[in-house]
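Content type mmCIF, C-alpha atoms and all ligand atoms, from the file final-v7.cif:
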```
data_start
loop_
_atom_site.label_atom_id
_atom_site.label_comp_id
_atom_site.auth_asym_id
_atom_site.auth_seq_id
_atom_site.Cartn_x
_atom_site.Cartn_y
_atom_site.Cartn_z
CA MET A 762 241.12 -17.42 25.57
CA THR A 763 238.82 -20.40 25.91
CA GLN A 764 237.53 -21.51 29.27
CA GLN A 765 239.85 -24.50 29.21
CA GLU A 766 242.87 -22.36 28.43
CA ARG A 767 241.98 -20.12 31.32
CA TYR A 768 241.76 -23.18 33.52
CA ALA A 769 245.16 -24.41 32.39
CA GLN A 770 246.67 -21.08 33.40
CA ALA A 771 244.86 -21.03 36.71
CA LYS A 772 246.03 -24.53 37.45
CA GLU A 773 249.62 -23.39 37.02
CA ARG A 774 249.12 -20.44 39.35
CA TYR A 775 247.81 -22.79 42.03
CA ALA A 776 250.50 -25.38 41.37
CA ALA A 777 253.10 -22.68 41.98
CA VAL A 778 251.89 -22.39 45.57
CA GLY A 779 251.68 -26.13 46.01
CA VAL A 780 247.97 -26.61 45.33
CA ASP A 781 246.69 -29.30 42.97
CA ALA A 782 243.49 -27.90 41.43
CA ASP A 783 242.57 -31.17 39.69
CA GLN A 784 242.79 -33.01 42.97
CA ALA A 785 240.67 -30.37 44.71
CA MET A 786 237.89 -30.78 42.15
CA GLU A 787 238.02 -34.58 42.31
CA LYS A 788 237.72 -34.43 46.07
CA LEU A 789 234.84 -31.99 46.02
CA LYS A 790 232.88 -34.28 43.69
CA THR A 791 232.79 -36.90 46.46
CA VAL A 792 231.59 -34.68 49.31
CA PRO A 793 227.84 -34.86 49.99
CA VAL A 794 225.90 -31.71 50.81
CA SER A 795 222.27 -31.97 51.87
CA LEU A 796 219.79 -29.90 49.87
CA HIS A 797 216.76 -28.93 51.95
CA CYS A 798 213.38 -29.57 50.37
CA TRP A 799 211.77 -26.68 52.28
CA GLN A 800 213.12 -23.78 50.21
CA GLY A 801 210.69 -24.85 47.49
CA ASP A 802 207.44 -24.05 49.30
CA ASP A 803 208.32 -21.75 52.21
CA VAL A 804 208.50 -24.59 54.80
CA ILE A 805 204.86 -25.62 54.40
CA GLY A 806 204.84 -29.30 53.38
CA PHE A 807 201.91 -31.50 52.44
CA ASP A 808 200.38 -32.72 55.69
CA HIS A 809 198.46 -29.62 56.77
CA ASP A 810 196.66 -26.62 55.33
CA GLY A 811 197.72 -24.05 57.90
CA PRO A 812 200.58 -21.56 57.87
CA LEU A 813 204.16 -21.96 59.09
CA THR A 814 204.18 -21.48 62.87
CA GLY A 815 206.54 -22.25 65.72
CA GLY A 816 209.30 -19.68 66.00
CA ILE A 817 210.31 -19.54 62.33
CA GLN A 818 208.84 -17.51 59.51
CA THR A 819 209.24 -16.88 55.81
CA THR A 820 208.73 -13.44 54.35
CA GLY A 821 207.70 -12.54 50.83
CA ASN A 822 205.09 -13.74 48.41
CA TYR A 823 206.90 -14.42 45.17
CA PRO A 824 204.56 -16.18 42.75
CA GLY A 825 204.99 -19.77 41.59
CA LYS A 826 205.42 -21.62 44.87
CA ALA A 827 205.25 -25.42 44.70
CA SER A 828 202.10 -26.73 46.34
CA THR A 829 202.02 -30.38 45.35
CA PRO A 830 204.66 -33.13 45.52
CA GLU A 831 204.86 -33.15 41.73
CA GLU A 832 205.61 -29.43 41.64
CA LEU A 833 208.17 -29.64 44.42
CA PHE A 834 209.94 -32.58 42.78
CA ALA A 835 210.01 -30.77 39.43
CA ASP A 836 211.41 -27.60 41.03
CA MET A 837 214.01 -29.50 42.97
CA GLU A 838 215.04 -31.29 39.81
CA LYS A 839 215.71 -27.90 38.22
CA VAL A 840 217.98 -27.03 41.13
CA LEU A 841 219.80 -30.36 40.81
CA GLU A 842 220.40 -29.63 37.12
CA LEU A 843 221.94 -26.26 37.88
CA THR A 844 224.19 -27.16 40.81
CA PRO A 845 227.46 -29.09 40.76
CA GLY A 846 228.54 -31.63 43.36
CA LYS A 847 227.23 -34.61 45.25
CA LYS A 848 223.88 -34.22 46.96
CA LYS A 849 221.71 -35.59 49.69
CA ILE A 850 218.07 -34.60 49.89
CA ASN A 851 216.85 -33.25 53.22
CA VAL A 852 213.19 -34.01 53.96
CA HIS A 853 210.95 -32.77 56.77
CA ALA A 854 208.24 -35.01 58.21
CA CYS A 855 205.54 -32.52 57.14
CA TYR A 856 206.43 -33.46 53.55
CA ALA A 857 204.76 -36.87 53.96
CA ILE A 858 202.91 -37.83 50.80
CA PHE A 859 199.55 -39.48 51.34
CA GLU A 860 198.12 -41.43 48.42
CA GLY A 861 194.57 -42.46 47.71
CA GLY A 862 192.81 -40.29 50.27
CA GLU A 863 194.58 -41.73 53.32
CA SER A 864 196.21 -39.58 55.96
CA ALA A 865 198.14 -40.04 59.21
CA ASP A 866 198.88 -37.75 62.10
CA ARG A 867 202.52 -37.07 62.88
CA ASP A 868 202.73 -39.76 65.56
CA GLN A 869 201.46 -42.34 63.08
CA LEU A 870 203.76 -41.62 60.14
CA GLN A 871 205.17 -44.63 58.38
CA PRO A 872 207.94 -45.29 55.86
CA LYS A 873 205.37 -45.77 53.10
CA HIS A 874 204.37 -42.11 53.41
CA PHE A 875 207.86 -41.23 52.20
CA ALA A 876 208.23 -43.86 49.48
CA ARG A 877 208.13 -41.19 46.79
CA TRP A 878 211.01 -39.35 48.42
CA VAL A 879 213.01 -42.57 48.30
CA GLU A 880 212.12 -42.95 44.63
CA PHE A 881 213.18 -39.34 43.98
CA ALA A 882 216.48 -39.77 45.84
CA LYS A 883 217.28 -42.99 44.04
CA LYS A 884 216.56 -41.38 40.69
CA HIS A 885 219.17 -38.76 41.50
CA HIS A 886 221.65 -41.12 43.19
CA ALA A 887 221.33 -39.14 46.39
CA GLY A 888 221.14 -40.09 50.03
CA LEU A 889 218.37 -38.77 52.27
CA ASP A 890 218.33 -36.88 55.55
CA PHE A 891 215.28 -36.46 57.74
CA ASN A 892 213.71 -34.09 60.26
CA PRO A 893 210.77 -34.66 62.56
CA THR A 894 208.47 -31.63 62.26
CA PHE A 895 207.71 -30.22 65.71
CA PHE A 896 205.94 -27.11 64.39
CA SER A 897 202.98 -26.02 62.24
CA HIS A 898 200.61 -28.39 64.01
CA GLU A 899 197.66 -28.02 66.40
CA LYS A 900 199.25 -30.33 68.96
CA VAL A 901 201.99 -27.78 69.64
CA LYS A 902 200.47 -26.76 72.97
CA ASP A 903 201.22 -23.25 74.27
CA GLY A 904 204.29 -23.22 72.03
CA LEU A 905 205.68 -26.45 73.51
CA THR A 906 206.24 -29.99 72.23
CA LEU A 907 208.91 -32.23 73.77
CA SER A 908 209.19 -30.03 76.86
CA SER A 909 205.46 -29.64 77.46
CA PRO A 910 204.21 -30.12 81.04
CA ASP A 911 201.11 -31.70 79.49
CA GLU A 912 201.91 -35.40 79.36
CA GLN A 913 199.57 -36.14 76.47
CA THR A 914 201.19 -33.47 74.36
CA ARG A 915 204.66 -34.64 75.23
CA ARG A 916 203.71 -38.25 74.49
CA PHE A 917 202.37 -37.30 71.05
CA TRP A 918 205.62 -35.57 70.09
CA ILE A 919 207.81 -38.35 71.51
CA ASP A 920 205.85 -40.79 69.37
CA HIS A 921 206.41 -38.51 66.40
CA GLY A 922 210.15 -38.61 67.05
CA LYS A 923 210.11 -42.40 67.29
CA ALA A 924 208.17 -42.70 64.04
CA CYS A 925 210.83 -40.51 62.44
CA ILE A 926 213.62 -42.80 63.67
CA ARG A 927 211.91 -45.68 61.87
CA ILE A 928 211.55 -43.60 58.71
CA SER A 929 215.21 -42.55 58.90
CA GLN A 930 216.26 -46.18 59.15
CA TYR A 931 214.13 -46.94 56.10
CA PHE A 932 215.76 -44.05 54.19
CA ALA A 933 219.23 -45.34 54.99
CA GLU A 934 218.39 -48.92 54.13
CA GLU A 935 216.82 -47.93 50.82
CA THR A 936 219.53 -45.54 49.67
CA GLY A 937 222.53 -47.27 51.24
CA VAL A 938 223.60 -43.91 52.68
CA PRO A 939 223.40 -43.04 56.41
CA CYS A 940 220.51 -40.72 57.28
CA VAL A 941 221.05 -37.75 59.59
CA MET A 942 217.92 -37.19 61.68
CA ASN A 943 217.77 -33.73 63.18
CA ILE A 944 215.68 -32.86 66.21
CA TRP A 945 214.78 -29.19 66.38
CA THR A 946 211.85 -27.70 68.25
CA GLY A 947 210.87 -24.10 68.84
CA ASP A 948 210.00 -24.83 72.48
CA GLY A 949 210.45 -21.80 74.69
CA TYR A 950 208.87 -18.70 76.22
CA LYS A 951 208.31 -15.20 74.96
CA ASP A 952 208.77 -13.69 78.36
CA ILE A 953 210.76 -14.42 81.48
CA PRO A 954 209.92 -17.94 82.69
CA ALA A 955 209.61 -18.96 86.33
CA ASP A 956 211.09 -22.39 85.70
CA ARG A 957 213.94 -22.91 83.29
CA LEU A 958 215.01 -26.29 84.61
CA GLY A 959 211.71 -28.18 84.43
CA PRO A 960 211.24 -27.79 80.66
CA ARG A 961 214.84 -28.78 80.03
CA MET A 962 214.54 -31.90 82.18
CA ARG A 963 211.39 -32.90 80.29
CA TYR A 964 213.12 -32.14 76.98
CA LYS A 965 216.04 -34.34 77.96
CA ASP A 966 213.74 -37.17 78.95
CA SER A 967 211.74 -36.84 75.73
CA ILE A 968 214.78 -37.01 73.47
CA GLU A 969 216.06 -39.99 75.46
CA GLN A 970 212.74 -41.71 74.87
CA ILE A 971 212.92 -40.96 71.14
CA LEU A 972 216.44 -42.38 70.98
CA SER A 973 215.30 -45.52 72.80
CA GLU A 974 213.55 -46.52 69.59
CA PRO A 975 215.79 -49.25 68.13
CA PHE A 976 217.96 -48.20 65.18
CA ASP A 977 221.27 -49.08 63.58
CA LYS A 978 223.82 -46.47 64.65
CA LYS A 979 225.72 -46.88 61.42
CA LEU A 980 222.61 -46.02 59.42
CA VAL A 981 220.74 -43.45 61.48
CA LYS A 982 222.60 -40.43 62.82
CA PRO A 983 220.36 -38.51 65.23
CA CYS A 984 221.32 -34.99 66.19
CA VAL A 985 219.98 -32.15 68.30
CA GLU A 986 219.92 -28.61 66.93
CA SER A 987 220.30 -25.76 69.38
CA LYS A 988 219.01 -22.23 69.08
CA VAL A 989 219.40 -18.95 70.90
CA PHE A 990 215.86 -17.66 70.36
CA GLY A 991 212.90 -17.76 67.98
CA ILE A 992 210.17 -15.36 66.88
CA GLY A 993 207.76 -15.15 69.82
CA VAL A 994 210.20 -17.12 71.96
CA GLU A 995 212.68 -14.38 72.76
CA SER A 996 213.35 -14.91 76.45
CA TYR A 997 214.00 -18.60 76.78
CA THR A 998 214.71 -21.48 74.42
CA VAL A 999 214.63 -24.95 75.93
CA GLY A 1000 217.11 -26.46 73.45
CA SER A 1001 219.88 -23.92 74.02
CA ALA A 1002 223.50 -24.35 72.90
CA GLU A 1003 224.66 -25.71 76.24
CA PHE A 1004 221.70 -28.07 76.40
CA ALA A 1005 222.34 -29.51 72.93
CA LEU A 1006 226.11 -29.81 73.28
CA ASN A 1007 225.91 -31.50 76.65
CA PHE A 1008 223.09 -33.77 75.58
CA ALA A 1009 225.06 -34.97 72.57
CA ALA A 1010 228.29 -35.31 74.55
CA LEU A 1011 226.61 -37.57 77.09
CA HIS A 1012 224.48 -39.68 74.74
CA ASP A 1013 226.34 -42.12 72.59
CA GLY A 1014 225.02 -42.12 69.05
CA CYS A 1015 223.69 -38.55 69.19
CA MET A 1016 225.44 -35.61 67.54
CA PRO A 1017 225.05 -31.87 68.04
CA LEU A 1018 223.90 -29.72 65.12
CA MET A 1019 225.04 -26.13 64.84
CA ASP A 1020 222.99 -23.80 62.66
CA ASN A 1021 225.05 -20.67 62.03
CA GLY A 1022 221.93 -18.54 62.42
CA HIS A 1023 221.42 -19.74 65.95
CA TYR A 1024 223.98 -17.70 67.86
CA HIS A 1025 224.45 -14.10 68.88
CA PRO A 1026 225.47 -12.12 65.81
CA THR A 1027 229.12 -11.70 66.79
CA GLU A 1028 229.58 -15.39 67.58
CA MET A 1029 231.11 -17.29 64.68
CA VAL A 1030 230.35 -20.91 63.88
CA SER A 1031 233.61 -21.03 61.91
CA ASP A 1032 235.37 -20.79 65.26
CA LYS A 1033 233.09 -23.34 66.90
CA ILE A 1034 233.76 -26.00 64.26
CA PRO A 1035 237.33 -26.82 65.38
CA ALA A 1036 236.22 -26.57 69.02
CA LEU A 1037 233.69 -29.34 68.46
CA LEU A 1038 236.16 -31.35 66.40
CA CYS A 1039 238.29 -31.70 69.54
CA PHE A 1040 235.55 -33.70 71.22
CA TYR A 1041 233.00 -35.10 68.78
CA PRO A 1042 233.81 -37.82 66.26
CA GLU A 1043 231.02 -36.42 64.07
CA PHE A 1044 228.59 -33.51 64.11
CA ALA A 1045 226.20 -31.71 61.81
CA LEU A 1046 225.80 -28.20 60.45
CA HIS A 1047 222.96 -26.12 59.10
CA ILE A 1048 224.41 -23.58 56.72
CA THR A 1049 222.44 -20.37 56.41
CA ARG A 1050 223.01 -16.59 56.29
CA PRO A 1051 221.82 -14.73 59.35
CA VAL A 1052 221.44 -11.05 58.45
CA ARG A 1053 221.54 -9.35 61.86
CA TRP A 1054 219.56 -12.23 63.33
CA ASP A 1055 218.37 -15.75 62.46
CA SER A 1056 216.82 -14.50 59.23
CA ASP A 1057 217.59 -17.57 57.08
CA HIS A 1058 218.71 -15.52 54.07
CA VAL A 1059 220.05 -17.37 51.03
CA VAL A 1060 223.65 -18.56 51.53
CA LEU A 1061 226.19 -16.48 49.59
CA PHE A 1062 229.92 -16.80 48.95
CA ASP A 1063 230.63 -14.36 51.75
CA ASP A 1064 233.33 -14.12 54.39
CA GLU A 1065 231.82 -16.27 57.12
CA THR A 1066 230.58 -18.89 54.65
CA ARG A 1067 234.11 -19.16 53.28
CA GLU A 1068 235.54 -19.28 56.78
CA MET A 1069 233.27 -22.15 57.84
CA ALA A 1070 234.27 -24.18 54.78
CA LYS A 1071 237.93 -23.46 55.47
CA GLU A 1072 237.67 -24.80 58.99
CA ILE A 1073 236.14 -28.06 57.79
CA VAL A 1074 238.60 -28.52 54.94
CA ARG A 1075 241.82 -27.60 56.73
CA SER A 1076 240.84 -29.67 59.76
CA ASP A 1077 240.55 -32.60 57.34
CA ALA A 1078 237.02 -33.10 58.64
CA LEU A 1079 234.94 -33.46 55.47
CA ASP A 1080 233.97 -36.97 56.57
CA ARG A 1081 233.14 -35.89 60.13
CA VAL A 1082 230.88 -32.93 59.47
CA TYR A 1083 227.44 -33.50 57.96
CA MET A 1084 226.67 -30.40 55.93
CA ALA A 1085 223.10 -29.34 55.21
CA LEU A 1086 221.68 -26.12 53.85
CA ASP A 1087 218.93 -24.33 55.76
CA TYR A 1088 217.53 -21.09 54.33
CA PHE A 1089 214.19 -20.00 52.97
CA ASP A 1090 213.38 -16.87 51.06
CA ALA A 1091 209.86 -16.43 49.70
CA GLY A 1092 210.59 -12.98 48.32
CA ILE A 1093 212.59 -13.95 45.24
CA ASN A 1094 212.41 -16.71 42.64
CA ARG A 1095 212.63 -19.76 44.88
CA ILE A 1096 214.56 -21.88 42.42
CA GLY A 1097 217.08 -19.11 41.88
CA ALA A 1098 217.44 -18.75 45.64
CA TRP A 1099 217.85 -22.49 46.14
CA THR A 1100 220.47 -22.66 43.38
CA VAL A 1101 222.51 -19.66 44.52
CA GLY A 1102 222.73 -21.09 48.02
CA PHE A 1103 223.88 -24.52 46.91
CA ARG A 1104 226.38 -23.11 44.43
CA SER A 1105 227.71 -20.74 47.09
CA TRP A 1106 228.50 -23.53 49.52
CA GLN A 1107 230.16 -25.50 46.73
CA LYS A 1108 232.25 -22.42 45.94
CA ALA A 1109 233.19 -22.06 49.59
CA LEU A 1110 234.36 -25.69 49.75
CA LEU A 1111 236.30 -25.42 46.49
CA ASN A 1112 237.87 -22.17 47.64
CA ALA A 1113 239.00 -23.83 50.86
CA MET A 1114 240.45 -26.78 48.97
CA LEU A 1115 242.43 -24.41 46.74
CA LEU A 1116 244.29 -22.82 49.63
CA PRO A 1117 247.84 -23.89 50.53
CA ASN A 1118 246.61 -24.82 53.97
CA GLU A 1119 249.74 -26.61 55.16
CA LYS A 1120 251.92 -23.70 54.14
CA LEU A 1121 249.67 -21.24 55.95
CA LYS A 1122 249.67 -23.34 59.12
CA GLN A 1123 253.42 -23.44 59.03
CA LEU A 1124 253.60 -19.65 58.84
CA GLN A 1125 251.37 -19.48 61.90
CA ASP A 1126 253.41 -22.03 63.84
CA GLU A 1127 256.62 -20.19 63.02
CA ASN A 1128 254.99 -16.98 64.17
CA ARG A 1129 255.53 -15.35 60.76
CA LEU A 1130 252.26 -13.51 61.18
CA SER A 1131 252.75 -10.57 58.85
CA GLU A 1132 253.68 -13.00 56.09
CA LEU A 1133 250.61 -15.05 56.95
CA MET A 1134 248.42 -11.98 56.60
CA VAL A 1135 249.98 -11.05 53.28
CA TRP A 1136 249.59 -14.57 51.91
CA GLN A 1137 245.98 -14.75 52.97
CA GLU A 1138 245.30 -11.45 51.21
CA GLU A 1139 247.19 -12.35 48.03
CA LEU A 1140 245.35 -15.65 47.75
CA LYS A 1141 242.05 -13.78 47.57
CA SER A 1142 242.87 -12.58 44.06
CA PHE A 1143 243.99 -15.94 42.71
CA PRO A 1144 242.01 -17.09 39.64
CA PHE A 1145 239.44 -19.02 41.65
CA GLY A 1146 236.69 -18.28 39.10
CA ASP A 1147 238.53 -20.18 36.37
CA VAL A 1148 238.72 -23.30 38.52
CA TRP A 1149 235.08 -22.92 39.55
CA GLU A 1150 234.01 -22.77 35.89
CA GLU A 1151 236.05 -25.85 35.09
CA TYR A 1152 234.49 -27.67 38.04
CA CYS A 1153 230.99 -26.78 36.82
CA ARG A 1154 231.90 -27.88 33.30
CA GLN A 1155 233.18 -31.23 34.57
CA CYS A 1156 230.00 -31.67 36.61
CA GLY A 1157 227.88 -30.94 33.55
CA VAL A 1158 226.18 -27.82 34.92
CA PRO A 1159 226.25 -24.24 33.62
CA ALA A 1160 229.48 -22.58 34.62
CA ASP A 1161 228.47 -18.96 34.36
CA ILE A 1162 225.42 -16.80 34.92
CA SER A 1163 223.67 -18.54 32.01
CA TRP A 1164 222.18 -20.86 34.64
CA PHE A 1165 219.86 -18.01 35.51
CA ASP A 1166 218.48 -17.99 31.95
CA GLU A 1167 217.30 -21.52 32.69
CA VAL A 1168 215.56 -20.26 35.80
CA LYS A 1169 213.87 -17.46 33.86
CA LYS A 1170 212.75 -19.90 31.19
CA TYR A 1171 211.36 -22.27 33.82
CA GLU A 1172 209.59 -19.37 35.47
CA ALA A 1173 207.98 -18.33 32.18
CA GLU A 1174 207.02 -21.86 31.15
CA VAL A 1175 206.13 -23.48 34.48
CA LEU A 1176 206.03 -21.26 37.57
CA SER A 1177 204.03 -18.41 36.07
CA LYS A 1178 201.25 -20.86 35.13
CA ARG A 1179 200.68 -22.01 38.71
CA GLY A 1180 197.51 -20.87 40.46
C1 LIG B 1201 214.80 -23.34 62.80
C2 LIG B 1201 215.85 -24.35 62.52
C3 LIG B 1201 215.39 -25.54 61.75
C4 LIG B 1201 214.46 -25.22 60.60
C5 LIG B 1201 214.13 -26.40 59.72
C6 LIG B 1201 213.01 -26.10 58.79
O1 LIG B 1201 215.29 -22.22 63.41
O2 LIG B 1201 216.92 -23.74 61.87
O3 LIG B 1201 216.49 -26.24 61.34
O4 LIG B 1201 214.98 -24.19 59.81
O5 LIG B 1201 213.90 -27.48 60.50
ZN ZN B 1202 218.46 -25.05 61.19
#
```
Go ahead and express the file in the form of structure tokens.
Amino acid sequence: MTQQERYAQAKERYAAVGVDADQAMEKLKTVPVSLHCWQGDDVIGFDHDGPLTGGIQTTGNYPGKASTPEELFADMEKVLELTPGKKKINVHACYAIFEGGESADRDQLQPKHFARWVEFAKKHHAGLDFNPTFFSHEKVKDGLTLSSPDEQTRRFWIDHGKACIRISQYFAEETGVPCVMNIWTGDGYKDIPADRLGPRMRYKDSIEQILSEPFDKKLVKPCVESKVFGIGVESYTVGSAEFALNFAALHDGCMPLMDNGHYHPTEMVSDKIPALLCFYPEFALHITRPVRWDSDHVVLFDDETREMAKEIVRSDALDRVYMALDYFDAGINRIGAWTVGFRSWQKALLNAMLLPNEKLKQLQDENRLSELMVWQEELKSFPFGDVWEEYCRQCGVPADISWFDEVKKYEAEVLSKRG
């Protein structure tokens, strides 16, 4: 049977349970997912020579890492070729590109330092998202940035945040797509602090000052990312879940961002999504795979990934949830890792769109719970793979594992030649 014949059969199977597979694919093609630039070079960037510091870490030393803008753009282009669906490009401030020997510290960054990202995004018809970089920098003082008791330090990082608002506005104006600007810092303490309130009050004030920078709320979408702990910051994190949720709830024009690696391992972000949908018009997600902790493993098509996508899709919230990927693995081929993660989230969304969600809700509401369980189990062996392959074909990307041959070829021809 040809791939298209298999699809025709699969389509009938889905139609029999009231699901329109063509419609699901058409819808998925319109949903933007933000591809993070930082999987390409282990979260290093171009504005400093030092290592990654500040509560996050990559492990592994796989050869062929991108170390120039040209290399990172080329690698990212490979990923774009191998992944279906609509993209945004997620840029961190440390990926500023300085031309002609100039440089600027983080508080002095300007839109022109990101002009090549705009060019890259336009070339690929993608929007841009942005992140101030509050780590890997000598002005992180005693592990603190926006919550520092040192006013000079705090001022520097507030000014960085404000510069990033201006850059986000520029991104949105240039691409015509709103720019999500995510504030995450690793601020916190390794051991038991004596004052938990002071740092949080300073953090609150700092983010308020950043948001006082003028911007168009339709174009720039600031958000605050919470975290439970970081490496070296195990006892206390300033930007905790309660801090971020309450900050966003009480500041018009600011959203919360939930990273599914940033909770205790038995807490599920899939369950938190509909909780936030009750109260927030919009919010943002970082999609990752926390293996026992916030390990930032490559996203797979696993149970919780599927469950998160289901909650967004069946809550009819695809236009309320800004979805961005956030993982970094330096131990395997980075382009393969990048691609698997993006394809996995696309699969999760498609899978969710291929479920008879209204029918399942009805079973729940009528308390037909054994039937609900049976349906949910039976649906797992529906011919999802045939629809996925058709979706990839329609998007002009490899449908099967042959995409990895492209990665191997690129590794042999390009990556293996890097110093
Ligand atoms: C760190 C946060 C944050 C970073 C990126 C690089 O724990 O998840 O989102 O991963 O900003
Ligand atoms: Zn994150």
| request: Select, from A:Lys1169, A:Arg867, A:His1058, A:His1047, the residue with the minimum atom-to-atom distance to ligand ZN 1202 (chain B), counting all atoms listed in the file. | output: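 The answer is A:His1047, which sits nearest to ligand ZN 1202 (chain B).
Between atom CA of A:Ala1045 and atom CA of A:Val1082 the separation is 5.4 Å.
Of the listed residues A:Thr1100, A:Gln1125, A:Asn1094, A:Ser828, the one whose atoms come nearest to A:Ala1173 is A:Asn1094, with distances taken using all atoms listed in the file.
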| task | Residues up to 7 Å from ligand ZN 1202 (chain B), counting all atoms listed in the file: could you list those as a count of residues only? | result | 4
| field | Test item: residues lying within 8 Å of ligand LIG 1201 (chain B) with only C-alpha atoms and all ligand atoms, as a PyMOL selection string | value | chain A and resi 799+804+816-817+853+892+894+943+945-947+986+988+991+1020+1022-1023+1047+1055+1057+1087-1088
| task | Using atom CA of A:Asp808 and atom CA of A:His898 as the two end points, give the distance in Å to one decimal. | result | 9.4 Å
| note | Among A:Arg961, A:Arg1104, A:His885, A:Arg1129, A:Asp1161 is approached most closely, using only C-alpha atoms, by A:Arg1104
| request: Excluding stretch 907-923 of chain A and residues on its chain fewer than 2 positions from it, collect all residues at most 8 Å away from it, counting only C-alpha atoms, and give them as a PyMOL selection string. | output: chain A and resi 867-870+893+895+900-902+905+925-927+946+948+960-964+967-968+970-972+974+999
| query | Which is closer to A:Trp1054 than all the others in A:Phe1089, A:Tyr997, A:Phe990, A:Phe1040, using only C-alpha atoms? | reply |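 Selected residue with least distance to A:Trp1054: A:Phe990.
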| Counting only C-alpha atoms, the residue of A:Val994, A:Leu796, A:Leu1116, A:Ala1109 that sits nearest A:Arg774 |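 Closest to A:Arg774, using only C-alpha atoms: A:Leu1116.
Candidate residues A:Asp890, A:Asp1166, A:Asp977, A:Glu1127 were compared for distance to A:Tyr1083, and the nearest is A:Asp890, using only C-alpha atoms.
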| request: Please indicate the distance in Å from atom CA of A:Tyr950 to atom CA of A:Val1060, rounded to one decimal place. | output: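 Those two atoms sit 28.8 Å apart.
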